[in-house]
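S.K.: The structure follows.
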Amino acid sequence: MKQMIMAQRAYFQSGATLGIDARRLALRKLKEGIKRHESEIMEALRIDLGKSTTEAYMSEIASIYSDIDDAVKHLKRWTRAKHVSTPMAISPAQSKIIYCPYGVVLIMAPWNYPFLLSVAPLIGALAAGNCCIVKPSELAPATAQIVTKVLSESLDVRLVAVVNGDAEVGKSLLEERFDYIFYTGNGSVGRYVMERAARHLTPVTLELGGKSPVIVTRSANLRLAARRIAFGKLMNLGQTCVAPDYVLVEESVHDALVGYLKEEIVAMYGEHPLENPAYGKIINRRHFDRIGRLIEPQKVAFGGEADAEKLKIAPTILTEVSAEDAVMGEEIFGPVLPILKVRNVEEAMRFVQQRPHPLALYLFTSDKKVERNVMETLQFGGGCVNDTVVHLSNHKMPFGGIGDSGMGSYYGYHSFLTFSHAKSIVKSPTWIDPQIRYQPYTKLKDRLIRLFM
């Protein structure tokens, strides 16, 4: 590891990554490598997570292509110095902001979207001119193998290197000094990453998770709400950091929403989803057992079946759920949807405010006043009105958490900014040198300083 980091640091210091042409070339090579191995990537995702070809392409590959194309197209504009006005006190100097790479960065990826979340941050890091070490998740071994193959074949190891291994390997990496660390995963590991980074005063981005709520009001289009909640919840079997974690629904429309949810789930996955080849699986037995312990049989309103051999859990709706139930005590990260009744939107908002800030929040309503109040009052990373999870598909907007759900953001131009240091430069002329700032200070200088500053 030390030799790998030293080689990358030397490569960075040589200036090889700084030119726009070099950055574009690296991004194009990355895209070519992904295209060359696209079928292998989708097969790896099927092995690790049971993803269908369509879902694998839609959720892990398509956005990478568009992100690379966007970076290549706009890189010259992104890297251009931004000239800003100069205050009178230091005029006639010129002021500008230039965006510089950090150096050698570490990207640590999770298992739930193991290809996407290994490569998406890398695009921003390369666009910004950094060298990168990528640590894929060992819990998705087939995908980790193809990530290694794609990156090692496409890019110079001095520019991008892959380190594979278990949690101990990750800890060893965090003992080294990096110029930036980008981690996606859970909060407990995120805290450890931040602690290790603090030893070297290394800046970090933490993309975490949490219990992302859905609020459904009586004015919502309930069937549409049910369809879109089911889509967001069951994509990747709920193993999505922004998946709807629980629903707060006004009690007057509770029964209708539950009925529609059942219908929409059957319409998507059939009467026997565990037999549907397009229905994925839980990543491993440990998570399968953990999710199973969250399902209280007496509260199952729909689903609840499981296949331990195939690591599959059927879409499950829980009703009559209370805030004290085990399923409300942790992020579910599975196809289990608790539904809680509330008297009104205000009660739903109080419920959310009393808990850690979620990574996402979803509101279903046709009342614009309610929409404005919820969106502007509650604190969360990002979200949707009358939809779920699709806010991640717009790379013109930053994606990131707040509080317990993370810090920092990325996607598109915002990835470039995340992996760039904004350097402030003032260029002062030599043909004039106002004496007002120099000692000795006089009453006249004092008055002038007060006037101009």
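Order determines the names: the first chain of the structure tokens is A, the second B, and so forth; residues in each chain are numbered 1 upward, and ligands are numbered 1 upward as they are shown.
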Any idea what's packed within 12 Å of A:Ile133, counting only C-alpha atoms, ignoring anything in its chain fewer than 2 positions away? Could you give it as number ranges by chain?
M.R.: A: 1-2, 4-9, 103-109, 118-119, 121-122, 125-126, 130-131, 135-136, 148, 151-152, 155-164, 170, 173-174, 176-183
S.K.: Take the residues just selected and output them with C-alpha atoms as a PDB file, in the first residue's frame.
M.R.:
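Below is the file that was written, part07.pdb:
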```
ATOM      1  CA  MET A   1       0.000   0.000   0.000  1.00  0.00           C
ATOM      2  CA  LYS A   2       2.745   2.440   0.943  1.00  0.00           C
ATOM      3  CA  MET A   4       1.343   2.219  -4.301  1.00  0.00           C
ATOM      4  CA  ILE A   5       0.531   5.517  -2.589  1.00  0.00           C
ATOM      5  CA  MET A   6       4.098   6.778  -3.036  1.00  0.00           C
ATOM      6  CA  ALA A   7       3.992   5.916  -6.746  1.00  0.00           C
ATOM      7  CA  GLN A   8       0.709   7.777  -7.165  1.00  0.00           C
ATOM      8  CA  ARG A   9       2.007  10.764  -5.230  1.00  0.00           C
ATOM      9  CA  GLY A 103      -3.633  14.901  -4.904  1.00  0.00           C
ATOM     10  CA  VAL A 104      -4.024  11.239  -3.974  1.00  0.00           C
ATOM     11  CA  VAL A 105      -7.565  10.365  -2.910  1.00  0.00           C
ATOM     12  CA  LEU A 106      -9.138   7.248  -1.426  1.00  0.00           C
ATOM     13  CA  ILE A 107     -12.580   6.048  -2.551  1.00  0.00           C
ATOM     14  CA  MET A 108     -14.229   3.387  -0.368  1.00  0.00           C
ATOM     15  CA  ALA A 109     -17.299   1.793  -1.950  1.00  0.00           C
ATOM     16  CA  SER A 118     -16.977   2.465  -6.977  1.00  0.00           C
ATOM     17  CA  VAL A 119     -16.931   4.341 -10.266  1.00  0.00           C
ATOM     18  CA  PRO A 121     -17.015   9.168  -7.333  1.00  0.00           C
ATOM     19  CA  LEU A 122     -13.983   8.200  -9.426  1.00  0.00           C
ATOM     20  CA  ALA A 125     -11.891  12.614  -8.868  1.00  0.00           C
ATOM     21  CA  LEU A 126     -10.388  12.103 -12.331  1.00  0.00           C
ATOM     22  CA  ASN A 130      -6.471  13.541  -8.840  1.00  0.00           C
ATOM     23  CA  CYS A 131      -4.836  10.144  -8.545  1.00  0.00           C
ATOM     24  CA  LYS A 135     -11.410   0.042  -2.351  1.00  0.00           C
ATOM     25  CA  PRO A 136     -14.436  -2.011  -3.568  1.00  0.00           C
ATOM     26  CA  THR A 148     -10.513  -4.433 -10.599  1.00  0.00           C
ATOM     27  CA  LEU A 151      -9.847  -0.185 -13.899  1.00  0.00           C
ATOM     28  CA  SER A 152      -6.564  -2.075 -14.202  1.00  0.00           C
ATOM     29  CA  LEU A 155      -5.990   3.167 -16.571  1.00  0.00           C
ATOM     30  CA  ASP A 156      -2.390   3.455 -15.445  1.00  0.00           C
ATOM     31  CA  VAL A 157      -1.976   2.067 -11.940  1.00  0.00           C
ATOM     32  CA  ARG A 158      -0.165   5.276 -11.029  1.00  0.00           C
ATOM     33  CA  LEU A 159      -3.390   7.111 -11.807  1.00  0.00           C
ATOM     34  CA  VAL A 160      -5.980   4.627 -10.522  1.00  0.00           C
ATOM     35  CA  ALA A 161      -5.229   1.578  -8.411  1.00  0.00           C
ATOM     36  CA  VAL A 162      -7.573  -0.937  -6.799  1.00  0.00           C
ATOM     37  CA  VAL A 163      -7.074  -2.448  -3.357  1.00  0.00           C
ATOM     38  CA  ASN A 164      -9.186  -5.492  -2.528  1.00  0.00           C
ATOM     39  CA  GLY A 170      -9.741  -1.069   4.794  1.00  0.00           C
ATOM     40  CA  LEU A 173      -5.608   1.868   4.161  1.00  0.00           C
ATOM     41  CA  LEU A 174      -6.984   4.392   6.617  1.00  0.00           C
ATOM     42  CA  GLU A 176      -2.043   5.922   5.460  1.00  0.00           C
ATOM     43  CA  ARG A 177      -2.140   9.611   4.607  1.00  0.00           C
ATOM     44  CA  PHE A 178      -4.409  10.612   1.761  1.00  0.00           C
ATOM     45  CA  ASP A 179      -5.290  14.079   0.514  1.00  0.00           C
ATOM     46  CA  TYR A 180      -9.016  13.321   0.436  1.00  0.00           C
ATOM     47  CA  ILE A 181     -11.232  10.400   1.493  1.00  0.00           C
ATOM     48  CA  PHE A 182     -14.614   9.599  -0.022  1.00  0.00           C
ATOM     49  CA  TYR A 183     -16.580   6.945   1.854  1.00  0.00           C
TER      50      TYR A 183
END
```
S.K.: Show me, as a ChimeraX atom specification, the residues that have an atom within 8 Å of A:Ala56 when counting only C-alpha atoms, minus same-chain residues fewer than 6 positions from it.
M.R.: /A:42,45-46
S.K.: Check the smallest atom-to-atom distance from each of A:Arg355, A:Arg228, A:Arg191, A:Arg23 to A:Leu75 using only C-alpha atoms, then report the winner.
M.R.: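 That would be A:Arg23, the residue with the smallest distance to A:Leu75.
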S.K.: Looking only at helix (DSSP H, G or I) from DSSP on the backbone, list the matching residues of stretch 96-214 of chain A as an MDAnalysis selection string.
M.R.: chainID A and resid 116:127 141:154 167:175 187:199
S.K.: Please produce an output containing N, CA and C atoms for each residue in the selection, written as a compact mmCIF listing (two decimals), in the first residue's frame.
M.R.:
```
# COMPACT_ATOMS: atom_id res chain seq x y z
N LEU A 116 -21.58 0.97 -9.38
CA LEU A 116 -21.89 2.40 -9.48
C LEU A 116 -21.10 3.21 -8.46
N LEU A 117 -21.09 2.76 -7.21
CA LEU A 117 -20.51 3.58 -6.15
C LEU A 117 -19.01 3.38 -6.01
N SER A 118 -18.43 2.50 -6.82
CA SER A 118 -16.98 2.47 -6.98
C SER A 118 -16.53 3.45 -8.04
N VAL A 119 -17.35 3.59 -9.09
CA VAL A 119 -16.93 4.34 -10.27
C VAL A 119 -17.46 5.78 -10.28
N ALA A 120 -18.68 6.01 -9.80
CA ALA A 120 -19.26 7.37 -9.87
C ALA A 120 -18.38 8.41 -9.17
N PRO A 121 -17.91 8.17 -7.94
CA PRO A 121 -17.02 9.17 -7.33
C PRO A 121 -15.70 9.29 -8.09
N LEU A 122 -15.24 8.19 -8.68
CA LEU A 122 -13.98 8.20 -9.43
C LEU A 122 -14.04 9.17 -10.60
N ILE A 123 -15.19 9.28 -11.23
CA ILE A 123 -15.35 10.19 -12.36
C ILE A 123 -15.03 11.62 -11.92
N GLY A 124 -15.60 12.05 -10.79
CA GLY A 124 -15.32 13.39 -10.29
C GLY A 124 -13.88 13.57 -9.89
N ALA A 125 -13.29 12.53 -9.30
CA ALA A 125 -11.89 12.61 -8.87
C ALA A 125 -10.96 12.76 -10.07
N LEU A 126 -11.21 12.00 -11.13
CA LEU A 126 -10.39 12.10 -12.33
C LEU A 126 -10.61 13.44 -13.04
N ALA A 127 -11.85 13.87 -13.10
CA ALA A 127 -12.15 15.16 -13.74
C ALA A 127 -11.42 16.29 -13.04
N PRO A 141 -18.12 -9.77 -3.97
CA PRO A 141 -16.84 -10.19 -4.54
C PRO A 141 -16.80 -10.27 -6.06
N ALA A 142 -17.90 -10.70 -6.67
CA ALA A 142 -17.90 -10.78 -8.14
C ALA A 142 -17.76 -9.39 -8.76
N THR A 143 -18.44 -8.42 -8.17
CA THR A 143 -18.35 -7.05 -8.70
C THR A 143 -16.99 -6.45 -8.39
N ALA A 144 -16.45 -6.73 -7.22
CA ALA A 144 -15.11 -6.24 -6.89
C ALA A 144 -14.09 -6.73 -7.91
N GLN A 145 -14.28 -7.96 -8.34
CA GLN A 145 -13.36 -8.55 -9.33
C GLN A 145 -13.46 -7.83 -10.67
N ILE A 146 -14.68 -7.53 -11.11
CA ILE A 146 -14.82 -6.85 -12.40
C ILE A 146 -14.43 -5.39 -12.31
N VAL A 147 -14.64 -4.75 -11.15
CA VAL A 147 -14.15 -3.37 -10.96
C VAL A 147 -12.63 -3.36 -11.12
N THR A 148 -11.96 -4.33 -10.50
CA THR A 148 -10.51 -4.43 -10.60
C THR A 148 -10.08 -4.63 -12.05
N LYS A 149 -10.78 -5.50 -12.75
CA LYS A 149 -10.43 -5.78 -14.14
C LYS A 149 -10.60 -4.56 -15.03
N VAL A 150 -11.73 -3.89 -14.91
CA VAL A 150 -12.00 -2.71 -15.74
C VAL A 150 -10.97 -1.61 -15.49
N LEU A 151 -10.73 -1.30 -14.21
CA LEU A 151 -9.85 -0.19 -13.90
C LEU A 151 -8.40 -0.50 -14.22
N SER A 152 -7.96 -1.73 -13.95
CA SER A 152 -6.56 -2.07 -14.20
C SER A 152 -6.26 -2.14 -15.70
N GLU A 153 -7.24 -2.57 -16.50
CA GLU A 153 -7.04 -2.63 -17.96
C GLU A 153 -7.13 -1.26 -18.61
N SER A 154 -7.91 -0.36 -18.02
CA SER A 154 -8.21 0.91 -18.67
C SER A 154 -7.25 2.03 -18.30
N ALA A 167 -12.37 -5.96 5.89
CA ALA A 167 -12.40 -4.75 6.71
C ALA A 167 -11.02 -4.40 7.26
N GLU A 168 -10.21 -5.41 7.53
CA GLU A 168 -8.86 -5.14 8.05
C GLU A 168 -8.00 -4.45 7.01
N VAL A 169 -8.19 -4.80 5.75
CA VAL A 169 -7.47 -4.11 4.68
C VAL A 169 -7.91 -2.65 4.61
N GLY A 170 -9.23 -2.44 4.77
CA GLY A 170 -9.74 -1.07 4.79
C GLY A 170 -9.14 -0.26 5.94
N LYS A 171 -9.02 -0.88 7.10
CA LYS A 171 -8.43 -0.19 8.25
C LYS A 171 -6.96 0.14 7.98
N SER A 172 -6.26 -0.78 7.34
CA SER A 172 -4.86 -0.53 7.02
C SER A 172 -4.73 0.65 6.06
N LEU A 173 -5.62 0.73 5.08
CA LEU A 173 -5.61 1.87 4.16
C LEU A 173 -5.80 3.18 4.91
N LEU A 174 -6.68 3.16 5.89
CA LEU A 174 -6.98 4.39 6.62
C LEU A 174 -5.85 4.82 7.54
N GLU A 175 -4.86 3.95 7.74
CA GLU A 175 -3.68 4.35 8.50
C GLU A 175 -2.75 5.22 7.67
N GLY A 187 -23.18 4.45 9.02
CA GLY A 187 -22.74 5.49 9.93
C GLY A 187 -21.65 5.07 10.89
N SER A 188 -21.68 3.83 11.37
CA SER A 188 -20.66 3.40 12.33
C SER A 188 -19.28 3.37 11.69
N VAL A 189 -19.19 2.83 10.48
CA VAL A 189 -17.91 2.84 9.77
C VAL A 189 -17.55 4.27 9.36
N GLY A 190 -18.56 5.07 9.01
CA GLY A 190 -18.31 6.46 8.65
C GLY A 190 -17.63 7.23 9.79
N ARG A 191 -18.06 6.96 11.01
CA ARG A 191 -17.43 7.61 12.16
C ARG A 191 -15.97 7.17 12.30
N TYR A 192 -15.72 5.88 12.06
CA TYR A 192 -14.35 5.38 12.14
C TYR A 192 -13.48 6.03 11.06
N VAL A 193 -14.02 6.13 9.85
CA VAL A 193 -13.29 6.77 8.76
C VAL A 193 -12.92 8.21 9.14
N MET A 194 -13.87 8.91 9.70
CA MET A 194 -13.62 10.30 10.07
C MET A 194 -12.57 10.41 11.18
N GLU A 195 -12.61 9.49 12.12
CA GLU A 195 -11.62 9.47 13.19
C GLU A 195 -10.22 9.25 12.63
N ARG A 196 -10.10 8.29 11.71
CA ARG A 196 -8.79 8.01 11.12
C ARG A 196 -8.32 9.20 10.27
N ALA A 197 -9.23 9.79 9.53
CA ALA A 197 -8.88 10.93 8.69
C ALA A 197 -8.39 12.10 9.54
N ALA A 198 -8.98 12.26 10.72
CA ALA A 198 -8.63 13.38 11.58
C ALA A 198 -7.17 13.33 12.01
N ARG A 199 -6.59 12.14 12.06
CA ARG A 199 -5.19 12.02 12.47
C ARG A 199 -4.27 12.73 11.49
```
S.K.: If we count only C-alpha atoms and set the cut-off at 12 Å, which residues sit around A:Ser405, ignoring sequence neighbours fewer than 6 positions away in its own chain? Please answer as a PyMOL selection string.
M.R.: chain A and resi 184-188+190-191+205-212+241-242+331+355-361+379-382+399
S.K.: When you look at A:Asn373 with a cut-off of 10 Å (counting only C-alpha atoms), what residues show up, excluding the ones that are within fewer than 3 positions of it in the same chain? I need them as a list in words.
M.R.: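 Residues meeting the cut-off are Val345, Glu346, Met349, Lys368, Lys369, Val370, Glu376, Thr377 and Leu378 of chain A.
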S.K.: Just the residues within 7 Å of A:Pro101, please, counting only C-alpha atoms, with nothing from its chain fewer than 2 positions along; format it as a PyMOL selection string.
M.R.: chain A and resi 99+103+128-130+419-421
S.K.: Take the residues that were just selected and, keeping all heavy atoms, output them as a PDB file, in the first residue's frame.
M.R.:
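As written to disk, part39.pdb reads:
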```
ATOM      1  N   TYR A  99      -9.453  26.074  -9.495  1.00  0.00           N
ATOM      2  CA  TYR A  99      -9.815  24.775  -8.929  1.00  0.00           C
ATOM      3  C   TYR A  99      -8.678  23.789  -9.157  1.00  0.00           C
ATOM      4  O   TYR A  99      -8.327  23.479 -10.300  1.00  0.00           O
ATOM      5  CB  TYR A  99     -11.122  24.281  -9.532  1.00  0.00           C
ATOM      6  CG  TYR A  99     -12.276  25.181  -9.169  1.00  0.00           C
ATOM      7  CD1 TYR A  99     -12.706  26.202 -10.018  1.00  0.00           C
ATOM      8  CD2 TYR A  99     -12.900  25.050  -7.932  1.00  0.00           C
ATOM      9  CE1 TYR A  99     -13.746  27.042  -9.653  1.00  0.00           C
ATOM     10  CE2 TYR A  99     -13.936  25.890  -7.562  1.00  0.00           C
ATOM     11  CZ  TYR A  99     -14.352  26.880  -8.432  1.00  0.00           C
ATOM     12  OH  TYR A  99     -15.376  27.720  -8.050  1.00  0.00           O
ATOM     13  N   GLY A 103      -4.821  15.736  -4.819  1.00  0.00           N
ATOM     14  CA  GLY A 103      -3.633  14.901  -4.904  1.00  0.00           C
ATOM     15  C   GLY A 103      -3.993  13.440  -5.029  1.00  0.00           C
ATOM     16  O   GLY A 103      -4.544  13.007  -6.041  1.00  0.00           O
ATOM     17  N   ALA A 128     -11.270  16.171 -11.738  1.00  0.00           N
ATOM     18  CA  ALA A 128     -10.596  17.214 -10.960  1.00  0.00           C
ATOM     19  C   ALA A 128      -9.083  17.099 -11.037  1.00  0.00           C
ATOM     20  O   ALA A 128      -8.377  18.012 -10.572  1.00  0.00           O
ATOM     21  CB  ALA A 128     -11.049  17.140  -9.508  1.00  0.00           C
ATOM     22  N   GLY A 129      -8.545  15.998 -11.591  1.00  0.00           N
ATOM     23  CA  GLY A 129      -7.107  15.872 -11.776  1.00  0.00           C
ATOM     24  C   GLY A 129      -6.378  15.112 -10.687  1.00  0.00           C
ATOM     25  O   GLY A 129      -5.164  15.245 -10.547  1.00  0.00           O
ATOM     26  N   ASN A 130      -7.091  14.292  -9.929  1.00  0.00           N
ATOM     27  CA  ASN A 130      -6.471  13.541  -8.840  1.00  0.00           C
ATOM     28  C   ASN A 130      -5.984  12.172  -9.294  1.00  0.00           C
ATOM     29  O   ASN A 130      -6.410  11.646 -10.320  1.00  0.00           O
ATOM     30  CB  ASN A 130      -7.490  13.326  -7.718  1.00  0.00           C
ATOM     31  CG  ASN A 130      -7.949  14.622  -7.098  1.00  0.00           C
ATOM     32  OD1 ASN A 130      -7.253  15.214  -6.287  1.00  0.00           O
ATOM     33  ND2 ASN A 130      -9.143  15.075  -7.482  1.00  0.00           N
ATOM     34  N   PHE A 419     -13.967  17.076  -5.324  1.00  0.00           N
ATOM     35  CA  PHE A 419     -12.589  16.608  -5.409  1.00  0.00           C
ATOM     36  C   PHE A 419     -11.612  17.708  -5.831  1.00  0.00           C
ATOM     37  O   PHE A 419     -10.474  17.410  -6.198  1.00  0.00           O
ATOM     38  CB  PHE A 419     -12.497  15.428  -6.371  1.00  0.00           C
ATOM     39  CG  PHE A 419     -13.090  14.162  -5.815  1.00  0.00           C
ATOM     40  CD1 PHE A 419     -14.351  13.744  -6.200  1.00  0.00           C
ATOM     41  CD2 PHE A 419     -12.390  13.398  -4.896  1.00  0.00           C
ATOM     42  CE1 PHE A 419     -14.909  12.572  -5.688  1.00  0.00           C
ATOM     43  CE2 PHE A 419     -12.933  12.232  -4.380  1.00  0.00           C
ATOM     44  CZ  PHE A 419     -14.189  11.816  -4.771  1.00  0.00           C
ATOM     45  N   SER A 420     -12.052  18.967  -5.769  1.00  0.00           N
ATOM     46  CA  SER A 420     -11.199  20.101  -6.107  1.00  0.00           C
ATOM     47  C   SER A 420     -11.065  21.030  -4.911  1.00  0.00           C
ATOM     48  O   SER A 420     -12.026  21.236  -4.161  1.00  0.00           O
ATOM     49  CB  SER A 420     -11.779  20.903  -7.278  1.00  0.00           C
ATOM     50  OG  SER A 420     -11.874  20.131  -8.448  1.00  0.00           O
ATOM     51  N   HIS A 421      -9.890  21.571  -4.741  1.00  0.00           N
ATOM     52  CA  HIS A 421      -9.695  22.633  -3.750  1.00  0.00           C
ATOM     53  C   HIS A 421      -9.858  23.970  -4.448  1.00  0.00           C
ATOM     54  O   HIS A 421      -9.185  24.250  -5.457  1.00  0.00           O
ATOM     55  CB  HIS A 421      -8.311  22.544  -3.119  1.00  0.00           C
ATOM     56  CG  HIS A 421      -7.936  23.753  -2.314  1.00  0.00           C
ATOM     57  ND1 HIS A 421      -8.650  24.154  -1.206  1.00  0.00           N
ATOM     58  CD2 HIS A 421      -6.952  24.676  -2.486  1.00  0.00           C
ATOM     59  CE1 HIS A 421      -8.117  25.249  -0.709  1.00  0.00           C
ATOM     60  NE2 HIS A 421      -7.084  25.587  -1.473  1.00  0.00           N
TER      61      HIS A 421
END
```
S.K.: Rank nothing, just name the residue among A:Pro277, A:Ile449, A:Asp245, A:Gly406 nearest to A:Val327, using only C-alpha atoms.
M.R.: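 That would be A:Asp245, the residue with the smallest distance to A:Val327.
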S.K.: Would you mind listing what lies within 12 Å of A:Glu275 as a PDB file with C-alpha atoms, in the first residue's frame, with only C-alpha atoms counted and same-chain residues fewer than 3 positions away left out?
M.R.:
```
ATOM      1  CA  TYR A 269     -43.567  -8.919  -9.154  1.00  0.00           C
ATOM      2  CA  GLY A 270     -46.521 -11.312  -9.410  1.00  0.00           C
ATOM      3  CA  GLU A 271     -48.325 -13.365  -6.797  1.00  0.00           C
ATOM      4  CA  HIS A 272     -45.138 -15.274  -5.960  1.00  0.00           C
ATOM      5  CA  ALA A 278     -36.161 -10.547 -11.852  1.00  0.00           C
ATOM      6  CA  TYR A 279     -36.605 -10.235  -8.082  1.00  0.00           C
ATOM      7  CA  GLY A 280     -33.195  -9.875  -6.475  1.00  0.00           C
ATOM      8  CA  LYS A 281     -31.669 -11.258  -3.304  1.00  0.00           C
ATOM      9  CA  GLU A 305     -42.373 -15.108   3.125  1.00  0.00           C
ATOM     10  CA  ALA A 306     -38.669 -15.870   2.831  1.00  0.00           C
ATOM     11  CA  ASP A 307     -36.314 -18.349   1.176  1.00  0.00           C
ATOM     12  CA  LYS A 310     -31.846 -18.201  -2.079  1.00  0.00           C
ATOM     13  CA  LYS A 312     -34.812 -13.855  -0.748  1.00  0.00           C
ATOM     14  CA  ILE A 313     -37.414 -12.044   1.348  1.00  0.00           C
ATOM     15  CA  ALA A 314     -40.787 -11.269  -0.219  1.00  0.00           C
TER      16      ALA A 314
END
```
S.K.: From a DSSP calculation on the backbone, collect every residue of stretch 94-130 of chain A in strand (DSSP E) and output the set as a list in words.
M.R.: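 Of stretch 94-130 of chain A, only Gln94, Ser95, Lys96, Ile97, Ile98, Tyr99, Cys100, Pro101, Val104, Val105, Leu106, Ile107 and Met108 of chain A fall in strand (DSSP E).
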S.K.: A:Arg223: which residues within 12 Å, counting only C-alpha atoms, same-chain residues fewer than 2 positions away excluded, as a short mmCIF file (atom, residue, chain, number, x, y, z; two decimals) with N, CA and C atoms, in the first residue's frame?
M.R.:
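Result written to out_26.cif:
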```
data_model
loop_
_atom_site.label_atom_id
_atom_site.label_comp_id
_atom_site.auth_asym_id
_atom_site.auth_seq_id
_atom_site.Cartn_x
_atom_site.Cartn_y
_atom_site.Cartn_z
N VAL A 216 -47.48 10.62 3.41
CA VAL A 216 -48.61 10.56 2.46
C VAL A 216 -49.79 11.29 3.09
N SER A 219 -54.61 14.32 0.54
CA SER A 219 -54.82 14.90 -0.79
C SER A 219 -54.00 14.21 -1.88
N ALA A 220 -53.21 13.20 -1.52
CA ALA A 220 -52.34 12.54 -2.49
C ALA A 220 -53.14 11.68 -3.47
N ASN A 221 -52.57 11.47 -4.64
CA ASN A 221 -53.07 10.46 -5.59
C ASN A 221 -52.58 9.12 -5.04
N ALA A 225 -49.15 7.08 -5.65
CA ALA A 225 -48.23 7.07 -4.51
C ALA A 225 -47.80 5.64 -4.20
N ALA A 226 -48.75 4.72 -4.17
CA ALA A 226 -48.43 3.33 -3.87
C ALA A 226 -47.47 2.75 -4.90
N ARG A 227 -47.71 3.03 -6.18
CA ARG A 227 -46.85 2.49 -7.23
C ARG A 227 -45.42 3.02 -7.09
N ARG A 228 -45.30 4.32 -6.83
CA ARG A 228 -43.96 4.90 -6.76
C ARG A 228 -43.24 4.57 -5.46
N ILE A 229 -43.98 4.39 -4.39
CA ILE A 229 -43.36 3.94 -3.14
C ILE A 229 -42.86 2.51 -3.31
N ALA A 230 -43.67 1.65 -3.93
CA ALA A 230 -43.27 0.26 -4.15
C ALA A 230 -42.03 0.19 -5.04
N VAL A 253 -56.67 7.89 5.16
CA VAL A 253 -56.39 7.21 3.88
C VAL A 253 -55.46 6.01 4.07
N ASP A 255 -56.00 2.79 5.09
CA ASP A 255 -56.45 1.51 4.54
C ASP A 255 -56.41 1.50 3.01
N ALA A 256 -56.77 2.62 2.42
CA ALA A 256 -56.74 2.69 0.96
C ALA A 256 -55.31 2.58 0.43
N LEU A 257 -54.37 3.25 1.09
CA LEU A 257 -52.97 3.19 0.65
C LEU A 257 -52.44 1.77 0.76
N VAL A 258 -52.71 1.10 1.88
CA VAL A 258 -52.24 -0.27 2.06
C VAL A 258 -52.82 -1.18 0.96
N GLY A 259 -54.09 -1.01 0.65
CA GLY A 259 -54.71 -1.81 -0.41
C GLY A 259 -54.04 -1.59 -1.75
N TYR A 260 -53.77 -0.34 -2.09
CA TYR A 260 -53.11 -0.04 -3.36
C TYR A 260 -51.68 -0.58 -3.39
N LEU A 261 -50.97 -0.50 -2.26
CA LEU A 261 -49.61 -1.02 -2.21
C LEU A 261 -49.59 -2.51 -2.52
N LYS A 262 -50.52 -3.24 -1.95
CA LYS A 262 -50.60 -4.68 -2.23
C LYS A 262 -50.81 -4.92 -3.72
N GLU A 263 -51.74 -4.19 -4.32
CA GLU A 263 -52.05 -4.37 -5.73
C GLU A 263 -50.83 -4.04 -6.62
N GLU A 264 -50.15 -2.97 -6.30
CA GLU A 264 -49.03 -2.54 -7.12
C GLU A 264 -47.84 -3.50 -7.01
N ILE A 265 -47.62 -4.04 -5.83
CA ILE A 265 -46.53 -5.00 -5.66
C ILE A 265 -46.80 -6.26 -6.48
N PHE A 364 -46.03 12.90 -0.58
CA PHE A 364 -47.09 12.74 -1.58
C PHE A 364 -48.27 13.61 -1.16
N ASN A 386 -44.16 13.70 -4.63
CA ASN A 386 -44.96 12.79 -5.46
C ASN A 386 -44.10 11.80 -6.26
N ASP A 387 -42.98 11.40 -5.67
CA ASP A 387 -42.15 10.36 -6.28
C ASP A 387 -41.14 9.89 -5.23
#
```
S.K.: Pick from A:Leu340, A:His395, A:Ile64, A:Ser91: nearest to A:Ile34, with only C-alpha atoms counted?
M.R.: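 When distances to A:Ile34 are compared using only C-alpha atoms, the smallest one comes from A:Ile64.
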S.K.: What is the atom CA of A:Ala89-atom CA of A:Ala422 distance in Å, reported with one decimal?
M.R.: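 Distance reported for this atom pair: 22.6 Å.
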